[in-house]
$ cat upload-v9.cif   # mmCIF, C-alpha atoms and all ligand atoms; chains and numbers go by the auth columns
data_target
loop_
_atom_site.group_PDB
_atom_site.id
_atom_site.type_symbol
_atom_site.label_atom_id
_atom_site.label_comp_id
_atom_site.label_asym_id
_atom_site.label_seq_id
_atom_site.Cartn_x
_atom_site.Cartn_y
_atom_site.Cartn_z
_atom_site.B_iso_or_equiv
_atom_site.auth_seq_id
_atom_site.auth_asym_id
ATOM 1 C CA MET A 1 8.066 12.048 -12.827 0.00 1 A
ATOM 2 C CA SER A 2 7.286 15.493 -14.179 0.00 2 A
ATOM 3 C CA SER A 3 6.164 13.801 -17.382 0.00 3 A
ATOM 4 C CA PHE A 4 5.990 10.278 -18.703 0.00 4 A
ATOM 5 C CA ALA A 5 8.972 10.970 -21.000 0.00 5 A
ATOM 6 C CA THR A 6 10.939 8.225 -19.257 0.00 6 A
ATOM 7 C CA LYS A 7 9.173 5.136 -18.044 0.00 7 A
ATOM 8 C CA ALA A 8 8.694 5.270 -14.302 0.00 8 A
ATOM 9 C CA LYS A 9 9.911 2.386 -12.169 0.00 9 A
ATOM 10 C CA VAL A 10 7.432 1.055 -9.660 0.00 10 A
ATOM 11 C CA VAL A 11 7.656 -1.371 -6.748 0.00 11 A
ATOM 12 C CA PHE A 12 4.346 -2.476 -5.268 0.00 12 A
ATOM 13 C CA VAL A 13 4.453 -2.953 -1.494 0.00 13 A
ATOM 14 C CA LEU A 14 1.923 -5.331 0.028 0.00 14 A
ATOM 15 C CA GLY A 15 1.219 -6.954 3.386 0.00 15 A
ATOM 16 C CA GLY A 16 -1.515 -7.080 6.001 0.00 16 A
ATOM 17 C CA PRO A 17 -2.688 -4.018 7.928 0.00 17 A
ATOM 18 C CA GLY A 18 0.103 -3.112 10.350 0.00 18 A
ATOM 19 C CA ALA A 19 2.680 -5.413 8.737 0.00 19 A
ATOM 20 C CA GLY A 20 5.119 -2.492 8.638 0.00 20 A
ATOM 21 C CA LYS A 21 4.807 -1.347 5.009 0.00 21 A
ATOM 22 C CA GLY A 22 4.918 2.369 5.796 0.00 22 A
ATOM 23 C CA THR A 23 7.774 2.016 8.290 0.00 23 A
ATOM 24 C CA GLN A 24 9.943 0.101 5.837 0.00 24 A
ATOM 25 C CA CYS A 25 9.013 2.258 2.830 0.00 25 A
ATOM 26 C CA SER A 26 10.183 5.401 4.541 0.00 26 A
ATOM 27 C CA ARG A 27 13.502 3.696 5.303 0.00 27 A
ATOM 28 C CA ILE A 28 13.817 2.506 1.701 0.00 28 A
ATOM 29 C CA ALA A 29 13.041 6.013 0.431 0.00 29 A
ATOM 30 C CA ASP A 30 15.769 7.404 2.732 0.00 30 A
ATOM 31 C CA ARG A 31 18.347 4.910 1.543 0.00 31 A
ATOM 32 C CA PHE A 32 17.507 4.481 -2.114 0.00 32 A
ATOM 33 C CA ARG A 33 16.149 6.949 -4.671 0.00 33 A
ATOM 34 C CA PHE A 34 12.502 6.027 -4.360 0.00 34 A
ATOM 35 C CA THR A 35 9.535 8.247 -3.617 0.00 35 A
ATOM 36 C CA HIS A 36 7.204 6.604 -1.124 0.00 36 A
ATOM 37 C CA LEU A 37 3.534 6.842 -2.007 0.00 37 A
ATOM 38 C CA SER A 38 1.260 5.452 0.683 0.00 38 A
ATOM 39 C CA THR A 39 -2.041 4.726 -1.006 0.00 39 A
ATOM 40 C CA GLY A 40 -3.872 4.848 2.334 0.00 40 A
ATOM 41 C CA ASP A 41 -2.329 8.260 3.127 0.00 41 A
ATOM 42 C CA LEU A 42 -3.304 9.621 -0.302 0.00 42 A
ATOM 43 C CA LEU A 43 -6.875 8.411 0.247 0.00 43 A
ATOM 44 C CA ARG A 44 -6.987 9.866 3.770 0.00 44 A
ATOM 45 C CA GLU A 45 -5.735 13.189 2.415 0.00 45 A
ATOM 46 C CA GLU A 46 -8.346 13.237 -0.345 0.00 46 A
ATOM 47 C CA GLY A 47 -10.997 12.095 2.127 0.00 47 A
ATOM 48 C CA SER A 48 -10.393 15.074 4.366 0.00 48 A
ATOM 49 C CA ARG A 49 -9.810 17.618 1.586 0.00 49 A
ATOM 50 C CA GLU A 50 -12.422 20.327 1.738 0.00 50 A
ATOM 51 C CA GLY A 51 -14.680 20.183 -1.292 0.00 51 A
ATOM 52 C CA SER A 52 -13.681 16.668 -2.300 0.00 52 A
ATOM 53 C CA GLN A 53 -16.553 14.887 -3.994 0.00 53 A
ATOM 54 C CA TYR A 54 -15.144 11.605 -2.668 0.00 54 A
ATOM 55 C CA GLY A 55 -14.748 12.558 0.997 0.00 55 A
ATOM 56 C CA THR A 56 -17.776 10.728 2.383 0.00 56 A
ATOM 57 C CA MET A 57 -17.300 7.690 0.163 0.00 57 A
ATOM 58 C CA ILE A 58 -13.633 7.307 1.164 0.00 58 A
ATOM 59 C CA GLU A 59 -14.357 7.684 4.862 0.00 59 A
ATOM 60 C CA GLU A 60 -17.169 5.147 4.647 0.00 60 A
ATOM 61 C CA HIS A 61 -14.931 2.619 2.909 0.00 61 A
ATOM 62 C CA MET A 62 -12.128 3.115 5.431 0.00 62 A
ATOM 63 C CA ARG A 63 -14.401 2.762 8.415 0.00 63 A
ATOM 64 C CA ASN A 64 -15.673 -0.513 6.995 0.00 64 A
ATOM 65 C CA GLY A 65 -12.293 -1.833 5.875 0.00 65 A
ATOM 66 C CA LYS A 66 -13.452 -1.802 2.257 0.00 66 A
ATOM 67 C CA ILE A 67 -11.384 -1.037 -0.837 0.00 67 A
ATOM 68 C CA VAL A 68 -12.134 2.234 -2.628 0.00 68 A
ATOM 69 C CA PRO A 69 -12.904 1.948 -6.382 0.00 69 A
ATOM 70 C CA VAL A 70 -9.717 1.997 -8.427 0.00 70 A
ATOM 71 C CA GLU A 71 -10.634 5.007 -10.571 0.00 71 A
ATOM 72 C CA VAL A 72 -10.322 7.238 -7.507 0.00 72 A
ATOM 73 C CA THR A 73 -7.214 5.545 -6.129 0.00 73 A
ATOM 74 C CA CYS A 74 -5.372 5.334 -9.429 0.00 74 A
ATOM 75 C CA SER A 75 -6.026 9.027 -10.179 0.00 75 A
ATOM 76 C CA LEU A 76 -4.520 9.991 -6.819 0.00 76 A
ATOM 77 C CA LEU A 77 -1.490 7.779 -7.430 0.00 77 A
ATOM 78 C CA GLU A 78 -0.928 9.115 -10.941 0.00 78 A
ATOM 79 C CA LYS A 79 -1.248 12.712 -9.764 0.00 79 A
ATOM 80 C CA ALA A 80 1.242 12.102 -6.931 0.00 80 A
ATOM 81 C CA MET A 81 3.666 10.420 -9.331 0.00 81 A
ATOM 82 C CA LYS A 82 3.490 13.286 -11.795 0.00 82 A
ATOM 83 C CA SER A 83 4.014 15.979 -9.181 0.00 83 A
ATOM 84 C CA SER A 84 6.900 14.184 -7.433 0.00 84 A
ATOM 85 C CA GLY A 85 9.610 15.042 -9.928 0.00 85 A
ATOM 86 C CA ASN A 86 10.914 11.492 -9.495 0.00 86 A
ATOM 87 C CA SER A 87 10.679 8.411 -11.666 0.00 87 A
ATOM 88 C CA MET A 88 11.052 5.696 -9.012 0.00 88 A
ATOM 89 C CA PHE A 89 8.160 4.860 -6.730 0.00 89 A
ATOM 90 C CA LEU A 90 7.253 2.595 -3.864 0.00 90 A
ATOM 91 C CA ILE A 91 3.517 2.174 -4.145 0.00 91 A
ATOM 92 C CA ASP A 92 2.529 1.123 -0.650 0.00 92 A
ATOM 93 C CA GLY A 93 -0.797 -0.660 -0.110 0.00 93 A
ATOM 94 C CA PHE A 94 -1.663 -1.220 -3.740 0.00 94 A
ATOM 95 C CA PRO A 95 -2.996 -3.238 -5.580 0.00 95 A
ATOM 96 C CA ARG A 96 -5.268 -4.486 -2.803 0.00 96 A
ATOM 97 C CA ASN A 97 -7.844 -6.353 -4.901 0.00 97 A
ATOM 98 C CA GLN A 98 -8.627 -7.440 -8.457 0.00 98 A
ATOM 99 C CA ASP A 99 -10.336 -4.113 -9.232 0.00 99 A
ATOM 100 C CA ASN A 100 -7.122 -2.282 -8.184 0.00 100 A
ATOM 101 C CA LEU A 101 -4.977 -4.542 -10.355 0.00 101 A
ATOM 102 C CA ASP A 102 -7.261 -4.361 -13.409 0.00 102 A
ATOM 103 C CA GLY A 103 -7.613 -0.583 -13.160 0.00 103 A
ATOM 104 C CA TRP A 104 -3.852 -0.137 -12.836 0.00 104 A
ATOM 105 C CA ASN A 105 -3.198 -2.381 -15.812 0.00 105 A
ATOM 106 C CA ARG A 106 -5.687 -0.453 -17.951 0.00 106 A
ATOM 107 C CA ARG A 107 -4.428 2.976 -17.043 0.00 107 A
ATOM 108 C CA MET A 108 -0.834 2.738 -15.894 0.00 108 A
ATOM 109 C CA SER A 109 0.904 -0.413 -17.078 0.00 109 A
ATOM 110 C CA PRO A 110 1.751 1.036 -20.526 0.00 110 A
ATOM 111 C CA LYS A 111 3.418 4.012 -18.818 0.00 111 A
ATOM 112 C CA VAL A 112 5.466 2.312 -16.087 0.00 112 A
ATOM 113 C CA ASP A 113 7.767 -0.627 -15.456 0.00 113 A
ATOM 114 C CA MET A 114 6.662 -2.611 -12.431 0.00 114 A
ATOM 115 C CA GLN A 115 9.936 -3.980 -11.061 0.00 115 A
ATOM 116 C CA PHE A 116 8.726 -6.372 -8.372 0.00 116 A
ATOM 117 C CA VAL A 117 6.332 -6.750 -5.466 0.00 117 A
ATOM 118 C CA LEU A 118 7.699 -6.462 -1.955 0.00 118 A
ATOM 119 C CA PHE A 119 5.535 -8.545 0.351 0.00 119 A
ATOM 120 C CA PHE A 120 5.708 -8.113 4.116 0.00 120 A
ATOM 121 C CA ASP A 121 4.673 -11.441 5.511 0.00 121 A
ATOM 122 C CA CYS A 122 3.209 -11.098 8.987 0.00 122 A
ATOM 123 C CA THR A 123 0.827 -13.139 11.138 0.00 123 A
ATOM 124 C CA GLU A 124 -2.692 -11.845 11.679 0.00 124 A
ATOM 125 C CA GLU A 125 -2.066 -11.694 15.421 0.00 125 A
ATOM 126 C CA VAL A 126 1.010 -9.470 15.067 0.00 126 A
ATOM 127 C CA CYS A 127 -0.754 -7.257 12.488 0.00 127 A
ATOM 128 C CA VAL A 128 -3.695 -6.645 14.803 0.00 128 A
ATOM 129 C CA LYS A 129 -1.433 -5.990 17.786 0.00 129 A
ATOM 130 C CA ARG A 130 0.595 -3.405 15.857 0.00 130 A
ATOM 131 C CA CYS A 131 -2.485 -1.580 14.547 0.00 131 A
ATOM 132 C CA LEU A 132 -4.110 -1.432 17.984 0.00 132 A
ATOM 133 C CA LYS A 133 -0.879 -0.095 19.457 0.00 133 A
ATOM 134 C CA ARG A 134 -0.665 2.462 16.635 0.00 134 A
ATOM 135 C CA GLY A 135 -4.218 3.526 17.505 0.00 135 A
ATOM 136 C CA LEU A 136 -3.402 3.826 21.207 0.00 136 A
ATOM 137 C CA ASN A 137 -0.298 5.841 20.334 0.00 137 A
ATOM 138 C CA GLY A 138 -2.541 8.418 18.680 0.00 138 A
ATOM 139 C CA SER A 139 -2.535 7.546 14.975 0.00 139 A
ATOM 140 C CA GLY A 140 -5.850 9.396 14.779 0.00 140 A
ATOM 141 C CA ARG A 141 -6.975 6.840 12.188 0.00 141 A
ATOM 142 C CA ILE A 142 -10.644 5.920 12.127 0.00 142 A
ATOM 143 C CA ASP A 143 -9.698 2.312 11.349 0.00 143 A
ATOM 144 C CA ASP A 144 -7.150 1.390 14.052 0.00 144 A
ATOM 145 C CA ASN A 145 -9.833 -0.061 16.341 0.00 145 A
ATOM 146 C CA LEU A 146 -10.758 -3.701 16.912 0.00 146 A
ATOM 147 C CA GLU A 147 -14.132 -3.512 15.168 0.00 147 A
ATOM 148 C CA THR A 148 -12.731 -2.055 11.934 0.00 148 A
ATOM 149 C CA LEU A 149 -9.614 -4.226 12.133 0.00 149 A
ATOM 150 C CA LYS A 150 -11.739 -7.368 11.986 0.00 150 A
ATOM 151 C CA LYS A 151 -13.205 -6.065 8.725 0.00 151 A
ATOM 152 C CA ARG A 152 -9.796 -5.037 7.371 0.00 152 A
ATOM 153 C CA ILE A 153 -8.435 -8.531 8.061 0.00 153 A
ATOM 154 C CA GLN A 154 -11.458 -10.087 6.346 0.00 154 A
ATOM 155 C CA THR A 155 -10.931 -7.867 3.306 0.00 155 A
ATOM 156 C CA TYR A 156 -7.240 -8.715 3.294 0.00 156 A
ATOM 157 C CA ASN A 157 -7.870 -12.463 3.403 0.00 157 A
ATOM 158 C CA LYS A 158 -10.652 -12.431 0.842 0.00 158 A
ATOM 159 C CA HIS A 159 -9.448 -9.815 -1.649 0.00 159 A
ATOM 160 C CA SER A 160 -5.745 -9.024 -1.124 0.00 160 A
ATOM 161 C CA LEU A 161 -4.309 -12.514 -0.577 0.00 161 A
ATOM 162 C CA PRO A 162 -5.418 -13.668 -4.053 0.00 162 A
ATOM 163 C CA ILE A 163 -3.444 -10.758 -5.561 0.00 163 A
ATOM 164 C CA ILE A 164 -0.392 -11.717 -3.497 0.00 164 A
ATOM 165 C CA GLN A 165 -0.778 -15.315 -4.655 0.00 165 A
ATOM 166 C CA TYR A 166 -1.076 -14.094 -8.230 0.00 166 A
ATOM 167 C CA PHE A 167 2.243 -12.217 -8.006 0.00 167 A
ATOM 168 C CA GLN A 168 3.848 -15.204 -6.343 0.00 168 A
ATOM 169 C CA GLY A 169 2.772 -17.235 -9.337 0.00 169 A
ATOM 170 C CA THR A 170 4.266 -14.791 -11.840 0.00 170 A
ATOM 171 C CA GLY A 171 7.604 -14.870 -10.014 0.00 171 A
ATOM 172 C CA GLN A 172 7.502 -11.101 -9.420 0.00 172 A
ATOM 173 C CA MET A 173 7.350 -11.263 -5.642 0.00 173 A
ATOM 174 C CA LYS A 174 10.035 -10.809 -2.980 0.00 174 A
ATOM 175 C CA THR A 175 8.867 -11.949 0.431 0.00 175 A
ATOM 176 C CA ILE A 176 10.141 -10.437 3.650 0.00 176 A
ATOM 177 C CA ASP A 177 9.581 -11.901 7.112 0.00 177 A
ATOM 178 C CA ALA A 178 7.905 -8.889 8.763 0.00 178 A
ATOM 179 C CA GLY A 179 7.720 -10.454 12.246 0.00 179 A
ATOM 180 C CA PRO A 180 11.054 -9.319 13.753 0.00 180 A
ATOM 181 C CA ASP A 181 11.905 -5.777 14.867 0.00 181 A
ATOM 182 C CA ALA A 182 12.096 -3.004 12.274 0.00 182 A
ATOM 183 C CA ASP A 183 15.924 -3.088 12.013 0.00 183 A
ATOM 184 C CA GLN A 184 15.948 -6.801 11.321 0.00 184 A
ATOM 185 C CA VAL A 185 13.170 -6.410 8.760 0.00 185 A
ATOM 186 C CA PHE A 186 15.091 -3.612 7.046 0.00 186 A
ATOM 187 C CA ALA A 187 18.223 -5.770 6.835 0.00 187 A
ATOM 188 C CA GLN A 188 16.214 -8.220 4.726 0.00 188 A
ATOM 189 C CA VAL A 189 14.676 -5.395 2.688 0.00 189 A
ATOM 190 C CA GLU A 190 18.055 -3.843 1.874 0.00 190 A
ATOM 191 C CA SER A 191 19.299 -7.027 0.332 0.00 191 A
ATOM 192 C CA THR A 192 16.397 -7.044 -2.146 0.00 192 A
ATOM 193 C CA PHE A 193 17.276 -3.593 -3.601 0.00 193 A
HETATM 194 P P1 LIG B . 1.452 -0.621 7.660 0.00 201 A
HETATM 195 O O1 LIG B . 1.860 0.573 6.845 0.00 201 A
HETATM 196 O O2 LIG B . 1.799 -1.921 7.029 0.00 201 A
HETATM 197 O O3 LIG B . 0.043 -0.579 8.128 0.00 201 A
HETATM 198 P P2 LIG B . 3.154 0.584 9.737 0.00 201 A
HETATM 199 O O4 LIG B . 4.501 0.750 9.137 0.00 201 A
HETATM 200 O O5 LIG B . 2.317 1.785 9.890 0.00 201 A
HETATM 201 O O6 LIG B . 2.348 -0.597 8.985 0.00 201 A
HETATM 202 O O7 LIG B . 3.373 -0.113 11.144 0.00 201 A
HETATM 203 C C1 LIG B . 2.265 -0.392 12.003 0.00 201 A
HETATM 204 C C2 LIG B . 2.677 -0.095 13.443 0.00 201 A
HETATM 205 O O8 LIG B . 3.637 -1.062 13.867 0.00 201 A
HETATM 206 C C3 LIG B . 3.328 1.263 13.623 0.00 201 A
HETATM 207 O O9 LIG B . 2.948 1.791 14.865 0.00 201 A
HETATM 208 C C4 LIG B . 4.834 0.955 13.587 0.00 201 A
HETATM 209 O O10 LIG B . 5.572 1.866 14.360 0.00 201 A
HETATM 210 C C5 LIG B . 4.886 -0.439 14.171 0.00 201 A
HETATM 211 N N1 LIG B . 5.909 -1.290 13.533 0.00 201 A
HETATM 212 C C6 LIG B . 6.306 -1.260 12.254 0.00 201 A
HETATM 213 N N2 LIG B . 7.230 -2.227 12.012 0.00 201 A
HETATM 214 C C7 LIG B . 7.386 -2.890 13.185 0.00 201 A
HETATM 215 C C8 LIG B . 8.210 -4.004 13.575 0.00 201 A
HETATM 216 N N3 LIG B . 9.012 -4.626 12.725 0.00 201 A
HETATM 217 N N4 LIG B . 8.110 -4.428 14.855 0.00 201 A
HETATM 218 C C9 LIG B . 7.264 -3.820 15.723 0.00 201 A
HETATM 219 N N5 LIG B . 6.475 -2.757 15.422 0.00 201 A
HETATM 220 C C10 LIG B . 6.536 -2.295 14.162 0.00 201 A
HETATM 221 O O1 LIG B . -2.772 0.961 3.698 0.00 202 A
HETATM 222 P P1 LIG B . -3.635 1.526 4.775 0.00 202 A
HETATM 223 O O2 LIG B . -3.735 0.624 5.971 0.00 202 A
HETATM 224 O O3 LIG B . -3.254 2.924 5.145 0.00 202 A
HETATM 225 O O4 LIG B . -5.089 1.609 4.163 0.00 202 A
HETATM 226 C C1 LIG B . -6.146 2.110 4.934 0.00 202 A
HETATM 227 C C2 LIG B . -7.448 1.968 4.202 0.00 202 A
HETATM 228 O O5 LIG B . -7.407 2.723 2.987 0.00 202 A
HETATM 229 C C3 LIG B . -7.829 0.562 3.753 0.00 202 A
HETATM 230 O O6 LIG B . -8.369 -0.218 4.787 0.00 202 A
HETATM 231 C C4 LIG B . -8.867 0.896 2.680 0.00 202 A
HETATM 232 O O7 LIG B . -10.104 1.282 3.241 0.00 202 A
HETATM 233 C C5 LIG B . -8.220 2.112 2.014 0.00 202 A
HETATM 234 N N1 LIG B . -7.406 1.676 0.852 0.00 202 A
HETATM 235 C C6 LIG B . -8.070 1.397 -0.332 0.00 202 A
HETATM 236 N N2 LIG B . -7.370 0.972 -1.428 0.00 202 A
HETATM 237 C C7 LIG B . -6.037 0.806 -1.365 0.00 202 A
HETATM 238 C C8 LIG B . -5.343 1.100 -0.163 0.00 202 A
HETATM 239 C C9 LIG B . -6.068 1.538 0.935 0.00 202 A
HETATM 240 O O8 LIG B . -9.290 1.521 -0.405 0.00 202 A
HETATM 241 N N3 LIG B . -5.392 0.369 -2.431 0.00 202 A
HETATM 242 MG MG MG B . 0.607 2.139 6.090 0.00 203 A
#
$ encode --input "upload-v9.cif" --output "structure tokens"
Amino acid sequence: MSSFATKAKVVFVLGGPGAGKGTQCSRIADRFRFTHLSTGDLLREEGSREGSQYGTMIEEHMRNGKIVPVEVTCSLLEKAMKSSGNSMFLIDGFPRNQDNLDGWNRRMSPKVDMQFVLFFDCTEEVCVKRCLKRGLNGSGRIDDNLETLKKRIQTYNKHSLPIIQYFQGTGQMKTIDAGPDADQVFAQVESTF
């Protein structure tokens, strides 16, 4: 999307921490013509960018499993969309709360067509297991530890689930059973595109 001359197509990708959003998005991006934008990765990048005025705030939010204010997140997403040269995006890990959704609607909804929401449905137990394993495998993330995961799960239940329920209500959601292995999950994903 070098400019907003053509309306960009967006798929929101939601699911608990460790549900497999990133894994499946990179497969979708390989197979279809989407650019994968991981909101968490964009925030981590900004958080560690030298000279960023948001570095400390982002790190603090991540360590506590809290959601960063949408003005920061939406700016990063818009910048990444504009510099991608593409017009089709998987927006992974967004919108995570009402503030995210409201901010997006104010700033972006006139410029993009949101196609649908891909929801990776996964039990809390499996989510936690996958994140802890990711941490042990050297993710280097400050939030793949049990203490932060408890907070991330709380945030997910309190603030993200209502957004998922909202999209379910509008009929814009496609739900994937994220429990099986990645190949089986992708087989379900493929049939939704
Ligand atoms: P998210 O982006 O939703 O946090 P990731 O895609 O990073 O999730 O996956 C979390 C961890 O679980 C990673 O280490 C990944 O390799 C692993 N993983 C992803 N999908 C599956 C799956 N279907 N079964 C088992 N492990 C998975
Ligand atoms: O999606 P991911 O697990 O990479 O997100 C990691 C962290 O990034 C979240 O726990 C949260 O602190 C932050 N985040 C956010 N707003 C989003 C997505 C992620 O604040 N929309
Ligand atoms: Mg991820």
$ atom_distance --input "upload-v9.cif" --atom1 "atom CA of Tyr166 of chain A" --atom2 "atom CA of Arg106 of chain A"
17.4 Å
$ residues_near_ligand --input "upload-v9.cif" --ligand "ligand MG 203 (chain A)" --cutoff "7 Å" --atoms "only C-alpha atoms and all ligand atoms" --output "number ranges by chain"
A: 18, 20-22, 38, 40, 93
$ resolve_selection --input "upload-v9.cif" --expression "the PyMOL selection byres (((not hetatm)) within 6 of (chain A and resi 202))" --output "VMD selection string"
chain A and resid 17 39 to 41 61 to 62 65 to 68 93 to 96 152
$ residues_near_point --input "upload-v9.cif" --point "(5.2, 9.9, -4.4)" --cutoff "12 Å" --atoms "all atoms listed in the file" --output "JSON, numbers by chain"
{"A": [1, 2, 8, 9, 10, 11, 25, 26, 29, 33, 34, 35, 36, 37, 38, 39, 41, 42, 76, 77, 78, 79, 80, 81, 82, 83, 84, 85, 86, 87, 88, 89, 90, 91, 92]}
$ residues_near_point --input "upload-v9.cif" --point "(-8.9, 2.0, -6.6)" --cutoff "8 Å" --atoms "all atoms listed in the file" --output "number ranges by chain"
A: 67-74, 95, 99-100, 103
$ residues_near_ligand --input "upload-v9.cif" --ligand "ligand LIG 201 (chain A)" --cutoff "8 Å" --atoms "only C-alpha atoms and all ligand atoms" --output "compact mmCIF listing (two decimals) with C-alpha atoms, keeping the file's coordinate frame"
# COMPACT_ATOMS: atom_id res chain seq x y z
CA LEU A 14 1.92 -5.33 0.03
CA GLY A 15 1.22 -6.95 3.39
CA GLY A 16 -1.52 -7.08 6.00
CA PRO A 17 -2.69 -4.02 7.93
CA GLY A 18 0.10 -3.11 10.35
CA ALA A 19 2.68 -5.41 8.74
CA GLY A 20 5.12 -2.49 8.64
CA LYS A 21 4.81 -1.35 5.01
CA GLY A 22 4.92 2.37 5.80
CA THR A 23 7.77 2.02 8.29
CA GLN A 24 9.94 0.10 5.84
CA CYS A 25 9.01 2.26 2.83
CA SER A 38 1.26 5.45 0.68
CA ASP A 92 2.53 1.12 -0.65
CA GLY A 93 -0.80 -0.66 -0.11
CA PHE A 120 5.71 -8.11 4.12
CA CYS A 127 -0.75 -7.26 12.49
CA ARG A 130 0.60 -3.40 15.86
CA CYS A 131 -2.48 -1.58 14.55
CA LYS A 133 -0.88 -0.10 19.46
CA ARG A 134 -0.66 2.46 16.64
CA GLY A 135 -4.22 3.53 17.50
CA ASN A 137 -0.30 5.84 20.33
CA SER A 139 -2.54 7.55 14.98
CA ALA A 178 7.90 -8.89 8.76
CA GLY A 179 7.72 -10.45 12.25
CA PRO A 180 11.05 -9.32 13.75
CA ASP A 181 11.90 -5.78 14.87
CA ALA A 182 12.10 -3.00 12.27
CA ASP A 183 15.92 -3.09 12.01
CA GLN A 184 15.95 -6.80 11.32
CA VAL A 185 13.17 -6.41 8.76
$ decode --input "upload-v9.cif" --residues "segment 122-186 of chain A" --atoms "C-alpha atoms" --output "PDB file, in the first residue's frame"
ATOM      1  CA  CYS A 122      -7.512 -22.439  21.800  1.00  0.00           C
ATOM      2  CA  THR A 123      -7.829 -23.513  25.435  1.00  0.00           C
ATOM      3  CA  GLU A 124      -6.047 -21.483  28.090  1.00  0.00           C
ATOM      4  CA  GLU A 125      -4.028 -24.542  29.081  1.00  0.00           C
ATOM      5  CA  VAL A 126      -2.694 -25.110  25.556  1.00  0.00           C
ATOM      6  CA  CYS A 127      -1.977 -21.376  25.109  1.00  0.00           C
ATOM      7  CA  VAL A 128       0.095 -21.241  28.284  1.00  0.00           C
ATOM      8  CA  LYS A 129       1.951 -24.441  27.415  1.00  0.00           C
ATOM      9  CA  ARG A 130       2.883 -23.127  23.962  1.00  0.00           C
ATOM     10  CA  CYS A 131       4.091 -19.761  25.281  1.00  0.00           C
ATOM     11  CA  LEU A 132       6.208 -21.360  28.009  1.00  0.00           C
ATOM     12  CA  LYS A 133       7.734 -23.709  25.451  1.00  0.00           C
ATOM     13  CA  ARG A 134       8.385 -20.748  23.138  1.00  0.00           C
ATOM     14  CA  GLY A 135      10.150 -19.031  26.045  1.00  0.00           C
ATOM     15  CA  LEU A 136      12.251 -22.108  26.806  1.00  0.00           C
ATOM     16  CA  ASN A 137      13.134 -22.387  23.118  1.00  0.00           C
ATOM     17  CA  GLY A 138      14.699 -18.935  23.320  1.00  0.00           C
ATOM     18  CA  SER A 139      12.018 -16.528  22.090  1.00  0.00           C
ATOM     19  CA  GLY A 140      13.859 -13.848  24.061  1.00  0.00           C
ATOM     20  CA  ARG A 141      10.474 -12.296  24.863  1.00  0.00           C
ATOM     21  CA  ILE A 142      10.091 -10.592  28.219  1.00  0.00           C
ATOM     22  CA  ASP A 143       6.529 -11.928  28.459  1.00  0.00           C
ATOM     23  CA  ASP A 144       6.876 -15.686  27.826  1.00  0.00           C
ATOM     24  CA  ASN A 145       7.163 -16.470  31.547  1.00  0.00           C
ATOM     25  CA  LEU A 146       4.500 -17.790  33.912  1.00  0.00           C
ATOM     26  CA  GLU A 147       4.135 -14.572  35.905  1.00  0.00           C
ATOM     27  CA  THR A 148       3.504 -12.381  32.847  1.00  0.00           C
ATOM     28  CA  LEU A 149       1.418 -15.078  31.162  1.00  0.00           C
ATOM     29  CA  LYS A 150      -1.064 -15.016  34.034  1.00  0.00           C
ATOM     30  CA  LYS A 151      -1.507 -11.290  33.396  1.00  0.00           C
ATOM     31  CA  ARG A 152      -1.744 -11.762  29.623  1.00  0.00           C
ATOM     32  CA  ILE A 153      -4.486 -14.368  30.091  1.00  0.00           C
ATOM     33  CA  GLN A 154      -6.350 -12.038  32.458  1.00  0.00           C
ATOM     34  CA  THR A 155      -6.133  -9.218  29.920  1.00  0.00           C
ATOM     35  CA  TYR A 156      -7.281 -11.562  27.177  1.00  0.00           C
ATOM     36  CA  ASN A 157     -10.312 -12.744  29.145  1.00  0.00           C
ATOM     37  CA  LYS A 158     -11.308  -9.306  30.365  1.00  0.00           C
ATOM     38  CA  HIS A 159     -10.548  -7.110  27.348  1.00  0.00           C
ATOM     39  CA  SER A 160     -10.033  -9.227  24.206  1.00  0.00           C
ATOM     40  CA  LEU A 161     -12.855 -11.768  24.551  1.00  0.00           C
ATOM     41  CA  PRO A 162     -15.525  -9.028  24.446  1.00  0.00           C
ATOM     42  CA  ILE A 163     -14.091  -7.870  21.093  1.00  0.00           C
ATOM     43  CA  ILE A 164     -14.169 -11.446  19.789  1.00  0.00           C
ATOM     44  CA  GLN A 165     -17.767 -11.765  20.969  1.00  0.00           C
ATOM     45  CA  TYR A 166     -18.578  -8.480  19.263  1.00  0.00           C
ATOM     46  CA  PHE A 167     -17.261  -9.743  15.909  1.00  0.00           C
ATOM     47  CA  GLN A 168     -19.094 -13.010  16.392  1.00  0.00           C
ATOM     48  CA  GLY A 169     -22.253 -10.984  16.789  1.00  0.00           C
ATOM     49  CA  THR A 170     -21.678  -9.005  13.591  1.00  0.00           C
ATOM     50  CA  GLY A 171     -21.172 -12.222  11.623  1.00  0.00           C
ATOM     51  CA  GLN A 172     -17.670 -11.151  10.546  1.00  0.00           C
ATOM     52  CA  MET A 173     -15.806 -13.931  12.314  1.00  0.00           C
ATOM     53  CA  LYS A 174     -14.338 -17.204  11.035  1.00  0.00           C
ATOM     54  CA  THR A 175     -13.374 -19.531  13.855  1.00  0.00           C
ATOM     55  CA  ILE A 176     -10.556 -22.033  13.582  1.00  0.00           C
ATOM     56  CA  ASP A 177      -9.910 -24.857  16.041  1.00  0.00           C
ATOM     57  CA  ALA A 178      -6.309 -23.999  16.993  1.00  0.00           C
ATOM     58  CA  GLY A 179      -5.780 -27.083  19.188  1.00  0.00           C
ATOM     59  CA  PRO A 180      -4.418 -29.593  16.635  1.00  0.00           C
ATOM     60  CA  ASP A 181      -0.944 -29.519  15.073  1.00  0.00           C
ATOM     61  CA  ALA A 182       0.011 -26.631  12.793  1.00  0.00           C
ATOM     62  CA  ASP A 183      -0.639 -28.571   9.547  1.00  0.00           C
ATOM     63  CA  GLN A 184      -4.137 -29.505  10.625  1.00  0.00           C
ATOM     64  CA  VAL A 185      -4.829 -25.930  11.707  1.00  0.00           C
ATOM     65  CA  PHE A 186      -3.591 -24.634   8.354  1.00  0.00           C
TER      66      PHE A 186
END
